[in-house]
Amino acid sequence: MRHVILGAGPAGVVAAETLRGLDADASISIIGDEPEPPYSRMAIPYLLSGRIEERGTHLRKRGDYFAGRGIEVVRARAEKVDAKAKRVHLSGGKSKTADYDKLLVATGARPLTPPIPGIDHARVSSCWTLEDARKILAGIKNGAPVVLIGAGFIGCIILESLVAAGAKLTIIEMGERMVPRMLDQTCGELLQKWCEQKGVRVLTGAQVAAIEDAGKSGVSVQIKDGPAIPAELVISATGVRANAGFLEGAVKLQDGAVLADERLASSDPDIFAAGDVACGKDFSSGEYSVQAIQPTAVEHARIAAHNMRQSGAVRHRGAVPMNVLDTIGLISSSYGLWRGVDGGDSGALLDAPGFRYICLRFAEDRLVGANTLGLTQHIGVIRGLIQGRFALGKWKQRLVENPLQLMEAYLAVTQA
Amino acid sequence: MQVTFKLFATLMRHLPPGAKRHAVTLEFGAGEAVTPNQLIERFAVPRSEVHLVLVNGVYLAEDGRDTPLRDGDQLAIWPPVAGG
Amino acid sequence: MAWAKKLLRVNLAKGEVASEPLNMEWAGEYIGQRGLATRYLVAETDPKCDPLGADNKMIFATGPLTGTAVSTGGRYSVITKSPLTGAVACSNSGGFLGAELKSAGWDMIIFEGKSPKPVMLRIVNERAELVDAADLWGKSVWETDKLIHDKYQDAQIRIAAVGRAAESGCLYSAIINDLHRAAGRSGVGAVMASKNLKAVAVRGSRGVGGVKDPARFMKSVAEQKKVLAENPVTGKGLPALGTQVLMNVVNEIGALPANNMRDVQFDGASKISGEAMLEPRPGDGKPNLTTNAACFGCTIACGRISTIDKNHFSVENKPEYWGNSGGLEYEAAWAMGADTGVSDMDAITYTNFICNEDGMDPISFGATVAAAMELFELGAITTKQTGGVELKFGSAEALTWCADQVATGQGFGKELGLGSKRLCEKYGHPELSMTVKGQEFPAYDPRGIQGMGLTYATSNRGACHLRSYTVASEVLGIPEKTDPLVTDGKAGLVKAFQDATAAVDSLGICVFTTFAWTLDNIAPQVDAACDGEWSVDRLLEAGERIWNLERDYNMKAGISGADDKLPERLLKEAAKTGPAKGKVNGLEKMLPEYYKLRGWTKDGQLTDKVRKQFALPA
Amino acid sequence: MQRSLYIDADKCTGCLQCEMACSFENEGVFNPAKSRIKVFNFHQEGRFVPYTCTQCDEAWCMAACPVDAITMNRETGAMEVSDATCVGCKVCTIACPFGTINYNQDSGKVIKCDLCGGDPECAKACPTEAITYVDADATGLDKMRAWAEKTDNAAKAAH
């Protein structure tokens with residue numbers, strides 16, 4: 001059996017490992033287009049802040065890890081998939097093609113390039129790859145003005161390193177609050193206040209009209225109906241899109257990602273998808289969407305691997321959307337249906353001066369979603385309660401009154 | 001002859017079924033001699049747990065526990081206990 | 001080290017807080033907690049000051065072992081001048097507050113002055129601030145606890161507070177921490193309230209470190225925990241039955257004071273005993289006791305967690321009292337039960353809840369109610385004062401009514417809140433007050449346990465069993481059995497217990513460990529934890545130094561050897577039943593010997609020799 | 001045979017000896033705030049419940065770690081965090097449905113129970129045998145596994 005895996009991120013690597021665990025003899029190849037050994041984008045912010053070196057981002061630390069497991073890691077770029085011939089056309093590597101019995105698409109995503117005049121200026125960088133990180137590190141000088149376009153997850157998580165490096169930072173966010181796709185209004189506003197207290201200028205509801213060259217001093221970022229902000233470096237973090245364009249025509253796409261069913265199979269039964277490139281089942285809503293987060297990628301990968309080995313072996317019940325974000329030391333998280341559901345109750349607590357917040361969302365007496373800010377202890381039980389679909393009984397009202405009793409509620413309903 | 005036999009605290013479990021709270025009243029024939037140690041034996045109270053032995057509220061040291069009880073005596077026994 | 005070496009000084013008048021280094025020279029002499037805080041009180045206050053005036057200070061103090069893994073190492077004490085006795089007050093409490101304070105990095109808090117308005121002290125590690133407490137004033141301890149937790153949204157905050165009893169001037173009001181642990185005796189709550197200080201809320205996450213020899217300490221702690229576990233008292237009896245195991249014992253030996261100490265035995269004793277707490281009650285089939293519970297670090301776990309039968313008259317239609325809370329300890333069950341003649345366990349559990357909820361010492365409360373009942377019997381108090389309530393011995397309704405009145409400072413509750421000495425004086429029968437130096441007796445009748453007569457008479461904080469618990473020897477045979485009905489040898493026994501207890505109370509551990517431990521078990525743990533060398537002799541010397549320092553403070557406050565006395569009833573009215581029948585307490589035989597052993601003058605004054613020996617402050 | 005921590009909440013008195021032993025072993029100070037085992041107090045119910053990581057087979061934390069900082073100790077079966085490798089991204093803390101791996105803001109790393117290398121201090125410190133270290137079969141882990149089955153896709157995938 002020839003398993004070909006496109007993409008050397010966490011989904012690809014975990015799928016390869018799972019396949020190897022299931023089948024000692026299968027041929028397994030990971031094809032990735034970056035020069036580095038498989039690494040984690042999750043770790044890039046910590047590389048930027050100097051907490052780790054590049055090696056610390058590597059998914060597996062031993063140099064001979066993949067070879068030792070008979071997993072071939074190939075550097076090449078997938079250009080096209082010929083589903084009929086079960087062949088991937090490649091570029092940039094030694095081989096021009098790779099033939100498969102089962103194919104896993106785990107090519108992840110790439111940053112969007114917003115349609116802004118001047119976005120291709122040499123002083124503008126995205127923050128996605130190790131290469132980007134190197135560029136940013138080289139470009140920041142103490143006291144240098146830096147503009148960050150986009151206060152989404154990626155924008156926020158790299159703030160700490162930019163502030164620590166001494167950048168004079170301005171964030172420009174189109175939405176009306178920070179991290180609008182992960183945090184509710186209260187949470188987003190608290191986060192903004194936090195950033196401002198740390199000396200970061202935050203402009204929400206603002207759009208970049210153009211980036212103009214300003215000669216030696218860098219660029220000038222022009223805000224629509226607003227000021228022009230000088231910058232030595234501009235970081236663009238306006239979102240990502242799935243790397244699925246090369247599959248156009250081969251499998252069904254949704255929202256630009258590979259629609260992956262409960263077996264993580266695409267519309268072609270021999271082509272699977274996992275991770276950020278997959279439009280998979282959402283546990284909470286029951287709908288299909290992209291959930292760009294490590295635990296989902298790993299879950300996808302494992303299930304896809306089982307089904308690649310034996311079709312229909314395992315079904316996916318859907319992943320609970322969740323995320324955790326550290327913004328200059330302030331930690332926020334989101335779970336499931338954090339916006340709440342129609343007719344559902346919620347329980348919230350706000351300690352604005354202490355930068356603490358929690359909002360639990362219920363459907364009847366079950367927990368379905370949550371946002372937290374400034375809380376780090378035992379927050380995993382939010383997932384436990386959501387995914388276990390536990391009926392909370394009298395604990396629901398207790399949680400409405402005091403959401404911080406999560407752990408007690410969890411123990412009461414699971415260990416009673 | 002009548003003797004009240006009382007067991008307290010963790011020794012209560014050694015009382016026969018039907019005992020009232022901590023005590024049983026025991027009847028003996030006239031002239032029949034019974035000592036605290038014999039009662040301890042009879043109700044299988046572990047010696048290691050026999051600490052405070054009171055006859056009518058007065059402490060009975062170990063060397064006095066083979067002296068026969070008298071009619072109407074109250075024998076009360078505790079394991080080592082304390083409070084404050 | 002083990003000490004945090006830092007104290008927090010809170011000037012309530014100015015609203016200022018400041019950190020200062022702990023006087024380590026004093027710590028070497030007075031250890032910590034009870035001893036060291038008394039040293040500060042002596043240095044910083046006039047013993048003649050008005051206990052409820054701005055000049056009195058109040059100290060929350062931990063010991064060097066507080067917050068460490070040593071078993072029971074969670075204690076703190078409140079040291080101040082008592083409004084009930086005019087003597088030094090030192091009330092020791094368990095729960096979790098003491099360890100939290102230490103973990104926040106503080107050995108002590110010294111409160112001085114009086115705040116112009118109600119405040120609470122909030123401590124988060126090294127940060128401390130006074131916070132307006134207008135919203136908390138007038139609230140019970142339980143309400144205050146909830147409001148503070150709600151306000152700061154942190155379940156881990158440990159809180160000590162005073163309730164409405166203290167606010168309304170109850171002279172035996174307590175400071176309650178962790179909902180149902182109390183710095184209970186001598187009216188320390190009234191002092192706190194007089195300073196307009198409602199609560200102390202502590203969150204500590206720095207931890208307690210700096211143990212001198214960590215490996216040796218952990219080894220010693222493990223060994224000594226084993227000693228407690230294997231000892232039948234601390235390993236079995238106390239966890240199973242709590243201190244309430246004593247109710248039947250003390251009744252059986254004829255030393256259970258009943259009906260304001262007229263009697264030495266109580267018919268209803270077994271109904272309110274530790275054993276009875278385990279029996280299913282007729283109303284709802286549940287036992288009074290739900291579980292035992294430990295204070296911080298305690299491997300004994302004598303604490304009781306109890307419920308009241310929902311259908312009982314005291315709580316019907318009051319669901320707020322249907323859940324679990326701190327249950328009966330022996331002293332509380334005796335004072336509110338035997339001494340008032342009440343044998344209704346649910347009623348006593350209810351009044352115990354009330355004592356916790358609004359901060360009252362259940363011993364002084366129960367004993368004061370008992371005195372009031374006797375005054376009522378004599379007709380000195382009538383339904384005119386009580387608004388119709390028949391204050392009869394044995395009346396559970398009267399008892400619960402009194403608790404509600406004192407807790408909230410209403411009507412006759414105000415008078416009951418002054419304690420039995422002032423109450424009996426007011427109604428013309430001072431002889432009916434069962435007190436020493438103004439503080440009510442605890443649960444051992446000195447006619448049936450002779451040594452306790454000397455214990456009470458010479459206690460530095462008025463009648464108290466915990467200053468020299470000779471019951472251990474005279475009744476329970478710990479460390480060895482002595483005859484409770486004789487006075488011979490009791491002076492030496494009392495002195496030895498007093499000195500050892502003063503040392504234990506200064507370390508941060510619970511005196512209940514001494515049912516299994518002697519200072520030989522304690523000293524190695526202290527020595528492994530604390531700077532310097534700590535032997536049994538050094539601990540005993542420190543204990544004796546502390547005892548003399550407290551005595552000296554009291555003398556300067558105007559208390560003399562003439563106050564080392566017992567109520568006439570215990571000296572003249574012989575016990576009517578039980579082994580002590582026909583006996584009174586022989587204090588006059590024990591006291592001179594005791595003074596001599598102490599090296600004091602014949603009238604109980606400290607001598608220059610003693611002052612010099614212990615290097616007491618002038 | 002591998003051993004596990006077995007918790008019998010009915011025996012717990014809430015003394016926090018376990019938390020002190022844990023924090024002393026791992027942090028060098030007595031500090032319940034930094035303990036990997038926590039005792040939860042159900043005051044109304046009169047119940048204390050000690051709680052820590054069960055070292056579950058499927059180890060959500062391990063799977064969620066993007067940098068391979070969590071690995072299984074083959075001898076003890078414990079999932080251990082390598083401080084040198086952990087970058088502090090906290091993904092494991094939201095992924096663990098038991099809430100037993102937590103971020104330590106002071107160190108910038110996550111902390112969890114590692115069974116003290118096969119000799120758990122909490123169990124040794126517990127005075128009432130509410131926490132014991134016993135053969136894995138006896139721990140009622142089955143209950144936990146059944147729950148895991150219900151919760152997780154990947155767990156099922158592995159069986």
# chains A, B, ... in the order shown; residues from 1 in each chain; ligands from 1
$ residues_around --residues "region 2-4 of chain B" --least-positions-apart "2" --cutoff "7 Å" --atoms "only C-alpha atoms" --output "JSON, numbers by chain"
{"B": [6, 23, 24, 25, 26, 27, 28, 71, 72, 73, 74, 75]}
$ select_by_dssp --residues "region 154-200 of chain C" --states "strand (DSSP E)" --output "ChimeraX atom specification"
/C:158-161,175-177,181-183,197-200
$ residues_around --residues "Leu253 (chain A)" --least-positions-apart "3" --cutoff "12 Å" --atoms "only C-alpha atoms" --output "ChimeraX atom specification"
/A:242-250,256-261,266-268,273,277-280,288-290
$ interface_residues --of "chain C" --to "chain A" --cutoff "9 Å" --atoms "only C-alpha atoms" --output "compact mmCIF listing (two decimals) with N, CA, C and O atoms, in the first residue's frame"
# COMPACT_ATOMS: atom_id res chain seq x y z
N ASP C 150 -17.54 36.65 46.07
CA ASP C 150 -18.23 37.10 44.85
C ASP C 150 -17.53 38.32 44.25
O ASP C 150 -17.35 38.41 43.04
N LYS C 151 -17.15 39.22 45.11
CA LYS C 151 -16.55 40.46 44.62
C LYS C 151 -15.25 40.18 43.88
O LYS C 151 -15.01 40.73 42.81
N TYR C 152 -14.41 39.34 44.45
CA TYR C 152 -13.10 39.12 43.83
C TYR C 152 -13.06 37.87 42.96
O TYR C 152 -12.07 37.60 42.30
N GLN C 153 -14.15 37.14 42.95
CA GLN C 153 -14.25 35.96 42.10
C GLN C 153 -13.03 35.06 42.20
O GLN C 153 -12.37 34.74 41.22
N ASP C 154 -12.75 34.72 43.42
CA ASP C 154 -11.62 33.83 43.62
C ASP C 154 -11.95 32.91 44.79
O ASP C 154 -11.99 33.33 45.94
N ALA C 155 -12.19 31.66 44.47
CA ALA C 155 -12.60 30.70 45.49
C ALA C 155 -11.47 30.43 46.48
O ALA C 155 -11.71 29.94 47.57
$ interface_residues --of "chain D" --to "chain C" --cutoff "7 Å" --atoms "only C-alpha atoms" --output "list in words"
Thr13, Gly14, Cys15, Leu16, Gln17, Met20, Val29, Phe30, Asn31, Ala33, His43, Gln44, Glu45, Gly46 and Pro127 of chain D
$ interface_residues --of "chain C" --to "chain B" --cutoff "6 Å" --atoms "only C-alpha atoms" --output "list in words"
Pro232, Val233, Gly237, Thr243, Glu252, Ile253 and Pro579 of chain C
$ write_last_selection --atoms "all heavy atoms" --output "JSON list (two decimals), in the first residue's frame"
[["chain", "number", "residue", "atom", "x", "y", "z"],
["C", 232, "PRO", "N", -3.70, 5.59, 69.03],
["C", 232, "PRO", "CA", -5.15, 5.33, 68.98],
["C", 232, "PRO", "C", -6.01, 6.60, 69.14],
["C", 232, "PRO", "O", -7.11, 6.65, 68.61],
["C", 232, "PRO", "CB", -5.38, 4.36, 70.14],
["C", 232, "PRO", "CG", -4.15, 4.36, 70.95],
["C", 232, "PRO", "CD", -3.03, 4.83, 70.10],
["C", 233, "VAL", "N", -5.50, 7.58, 69.86],
["C", 233, "VAL", "CA", -6.29, 8.81, 70.05],
["C", 233, "VAL", "C", -6.30, 9.64, 68.78],
["C", 233, "VAL", "O", -7.36, 9.97, 68.23],
["C", 233, "VAL", "CB", -5.72, 9.65, 71.21],
["C", 233, "VAL", "CG1", -6.46, 10.98, 71.30],
["C", 233, "VAL", "CG2", -5.85, 8.88, 72.52],
["C", 237, "GLY", "N", -9.53, 7.65, 67.44],
["C", 237, "GLY", "CA", -10.62, 8.22, 68.24],
["C", 237, "GLY", "C", -11.05, 9.60, 67.75],
["C", 237, "GLY", "O", -12.23, 9.84, 67.53],
["C", 243, "THR", "N", -13.73, 15.62, 69.22],
["C", 243, "THR", "CA", -13.53, 15.91, 70.64],
["C", 243, "THR", "C", -14.76, 15.49, 71.44],
["C", 243, "THR", "O", -14.71, 15.31, 72.63],
["C", 243, "THR", "CB", -13.29, 17.40, 70.85],
["C", 243, "THR", "OG1", -14.39, 18.13, 70.28],
["C", 243, "THR", "CG2", -12.02, 17.87, 70.18],
["C", 252, "GLU", "N", -19.32, 10.34, 82.97],
["C", 252, "GLU", "CA", -19.17, 9.12, 83.75],
["C", 252, "GLU", "C", -18.29, 9.34, 84.99],
["C", 252, "GLU", "O", -18.57, 8.81, 86.05],
["C", 252, "GLU", "CB", -18.57, 8.03, 82.84],
["C", 252, "GLU", "CG", -18.70, 6.62, 83.35],
["C", 252, "GLU", "CD", -20.10, 6.01, 83.14],
["C", 252, "GLU", "OE1", -20.89, 6.58, 82.36],
["C", 252, "GLU", "OE2", -20.37, 4.98, 83.77],
["C", 253, "ILE", "N", -17.25, 10.16, 84.81],
["C", 253, "ILE", "CA", -16.37, 10.37, 85.98],
["C", 253, "ILE", "C", -16.91, 11.47, 86.89],
["C", 253, "ILE", "O", -16.29, 11.83, 87.89],
["C", 253, "ILE", "CB", -14.92, 10.72, 85.58],
["C", 253, "ILE", "CG1", -14.88, 12.07, 84.84],
["C", 253, "ILE", "CG2", -14.30, 9.64, 84.72],
["C", 253, "ILE", "CD1", -13.54, 12.75, 84.95],
["C", 579, "PRO", "N", -18.30, 10.05, 91.37],
["C", 579, "PRO", "CA", -17.12, 9.75, 92.19],
["C", 579, "PRO", "C", -16.66, 10.93, 93.04],
["C", 579, "PRO", "O", -16.04, 10.73, 94.09],
["C", 579, "PRO", "CB", -16.06, 9.40, 91.14],
["C", 579, "PRO", "CG", -16.82, 8.98, 89.94],
["C", 579, "PRO", "CD", -18.10, 9.76, 89.95]]
$ select_by_dssp --residues "chain D" --states "helix (DSSP H, G or I)" --output "count of residues only"
55
$ closest_atom_pairs --of "chain D" --to "chain A" --cutoff "7 Å" --atoms "only C-alpha atoms" --output "tab-separated table"
residue	atom	partner	partner_atom	distance
D:Phe40	CA	A:Glu408	CA	6.9
D:Ala63	CA	A:Val298	CA	6.6
D:Ala64	CA	A:Pro295	CA	4.8
D:Pro66	CA	A:Ser40	CA	5.9
D:Val67	CA	A:Leu59	CA	4.8
D:Asp68	CA	A:Leu59	CA	6.1
D:Thr85	CA	A:Gly56	CA	6.5
D:Val87	CA	A:Tyr46	CA	6.4
D:Lys90	CA	A:Val324	CA	6.8
D:Val91	CA	A:Val324	CA	6.4
D:Thr93	CA	A:Gly380	CA	5.5
D:Ile94	CA	A:Gly380	CA	4.3
D:Ala95	CA	A:Gly380	CA	5.8
D:Cys96	CA	A:Gly380	CA	5.0
D:Pro97	CA	A:Gly384	CA	3.9
D:Phe98	CA	A:Val381	CA	5.1
D:Gly99	CA	A:Gly380	CA	4.0
D:Thr100	CA	A:His378	CA	6.0
D:Asn102	CA	A:Gln377	CA	5.6
D:Tyr103	CA	A:Thr376	CA	6.0
D:Lys150	CA	A:Gly388	CA	6.7
D:Thr151	CA	A:Gly388	CA	5.3
D:Asn153	CA	A:His316	CA	5.9
D:Ala154	CA	A:Glu299	CA	5.9
D:Ala157	CA	A:Val314	CA	6.0
$ residues_around --residues "Val234 (chain A)" --least-positions-apart "2" --cutoff "6 Å" --atoms "only C-alpha atoms" --output "MDAnalysis selection string"
chainID A and resid 124 146:148
$ write_last_selection --atoms "N, CA and C atoms" --output "PDB file, in the first residue's frame"
ATOM      1  N   VAL A 124       7.005  44.765   3.772  1.00  0.00           N
ATOM      2  CA  VAL A 124       5.790  44.098   4.267  1.00  0.00           C
ATOM      3  C   VAL A 124       6.053  42.598   4.334  1.00  0.00           C
ATOM      4  N   VAL A 146       6.360  49.881  13.954  1.00  0.00           N
ATOM      5  CA  VAL A 146       5.909  48.686  13.237  1.00  0.00           C
ATOM      6  C   VAL A 146       4.386  48.727  13.165  1.00  0.00           C
ATOM      7  N   VAL A 147       3.862  48.406  11.998  1.00  0.00           N
ATOM      8  CA  VAL A 147       2.410  48.335  11.867  1.00  0.00           C
ATOM      9  C   VAL A 147       2.007  46.881  11.648  1.00  0.00           C
ATOM     10  N   LEU A 148       1.037  46.452  12.426  1.00  0.00           N
ATOM     11  CA  LEU A 148       0.511  45.099  12.272  1.00  0.00           C
ATOM     12  C   LEU A 148      -0.892  45.211  11.709  1.00  0.00           C
TER      13      LEU A 148
END
$ decode --residues "region 5-17 of chain B" --atoms "N, CA, C and O atoms" --output "CSV table (one decimal), in the first residue's frame"
chain,number,residue,atom,x,y,z
B,5,PHE,N,-23.0,-2.9,81.8
B,5,PHE,CA,-21.8,-3.0,81.0
B,5,PHE,C,-21.9,-2.0,79.9
B,5,PHE,O,-22.7,-2.1,79.0
B,6,LYS,N,-21.0,-1.0,79.9
B,6,LYS,CA,-21.0,0.1,78.9
B,6,LYS,C,-19.8,0.1,78.0
B,6,LYS,O,-18.6,0.0,78.5
B,7,LEU,N,-20.0,0.2,76.7
B,7,LEU,CA,-18.8,0.3,75.8
B,7,LEU,C,-19.0,1.6,75.0
B,7,LEU,O,-20.1,1.8,74.5
B,8,PHE,N,-18.0,2.4,74.9
B,8,PHE,CA,-18.1,3.7,74.2
B,8,PHE,C,-17.2,3.8,73.0
B,8,PHE,O,-16.3,3.0,72.8
B,9,ALA,N,-17.4,4.9,72.3
B,9,ALA,CA,-16.6,5.2,71.1
B,9,ALA,C,-16.5,4.1,70.1
B,9,ALA,O,-17.5,3.4,69.8
B,10,THR,N,-15.2,3.8,69.7
B,10,THR,CA,-15.1,2.7,68.7
B,10,THR,C,-15.3,1.3,69.2
B,10,THR,O,-15.3,0.4,68.5
B,11,LEU,N,-15.5,1.2,70.5
B,11,LEU,CA,-15.8,-0.1,71.1
B,11,LEU,C,-17.2,-0.5,71.0
B,11,LEU,O,-17.6,-1.6,71.3
B,12,MET,N,-18.1,0.5,70.6
B,12,MET,CA,-19.5,0.2,70.6
B,12,MET,C,-19.9,-1.1,69.8
B,12,MET,O,-20.9,-1.7,70.1
B,13,ARG,N,-19.1,-1.3,68.8
B,13,ARG,CA,-19.4,-2.4,67.9
B,13,ARG,C,-19.3,-3.8,68.6
B,13,ARG,O,-19.8,-4.8,68.1
B,14,HIS,N,-18.7,-3.8,69.8
B,14,HIS,CA,-18.6,-5.1,70.5
B,14,HIS,C,-19.8,-5.3,71.4
B,14,HIS,O,-19.9,-6.4,72.0
B,15,LEU,N,-20.7,-4.4,71.4
B,15,LEU,CA,-22.0,-4.6,72.2
B,15,LEU,C,-22.9,-5.6,71.5
B,15,LEU,O,-22.9,-5.7,70.2
B,16,PRO,N,-23.6,-6.4,72.2
B,16,PRO,CA,-24.5,-7.4,71.6
B,16,PRO,C,-25.6,-6.6,70.8
B,16,PRO,O,-26.0,-5.5,71.2
B,17,PRO,N,-26.2,-7.3,69.8
B,17,PRO,CA,-27.3,-6.6,69.1
B,17,PRO,C,-28.4,-6.3,70.1
B,17,PRO,O,-28.6,-7.1,71.1
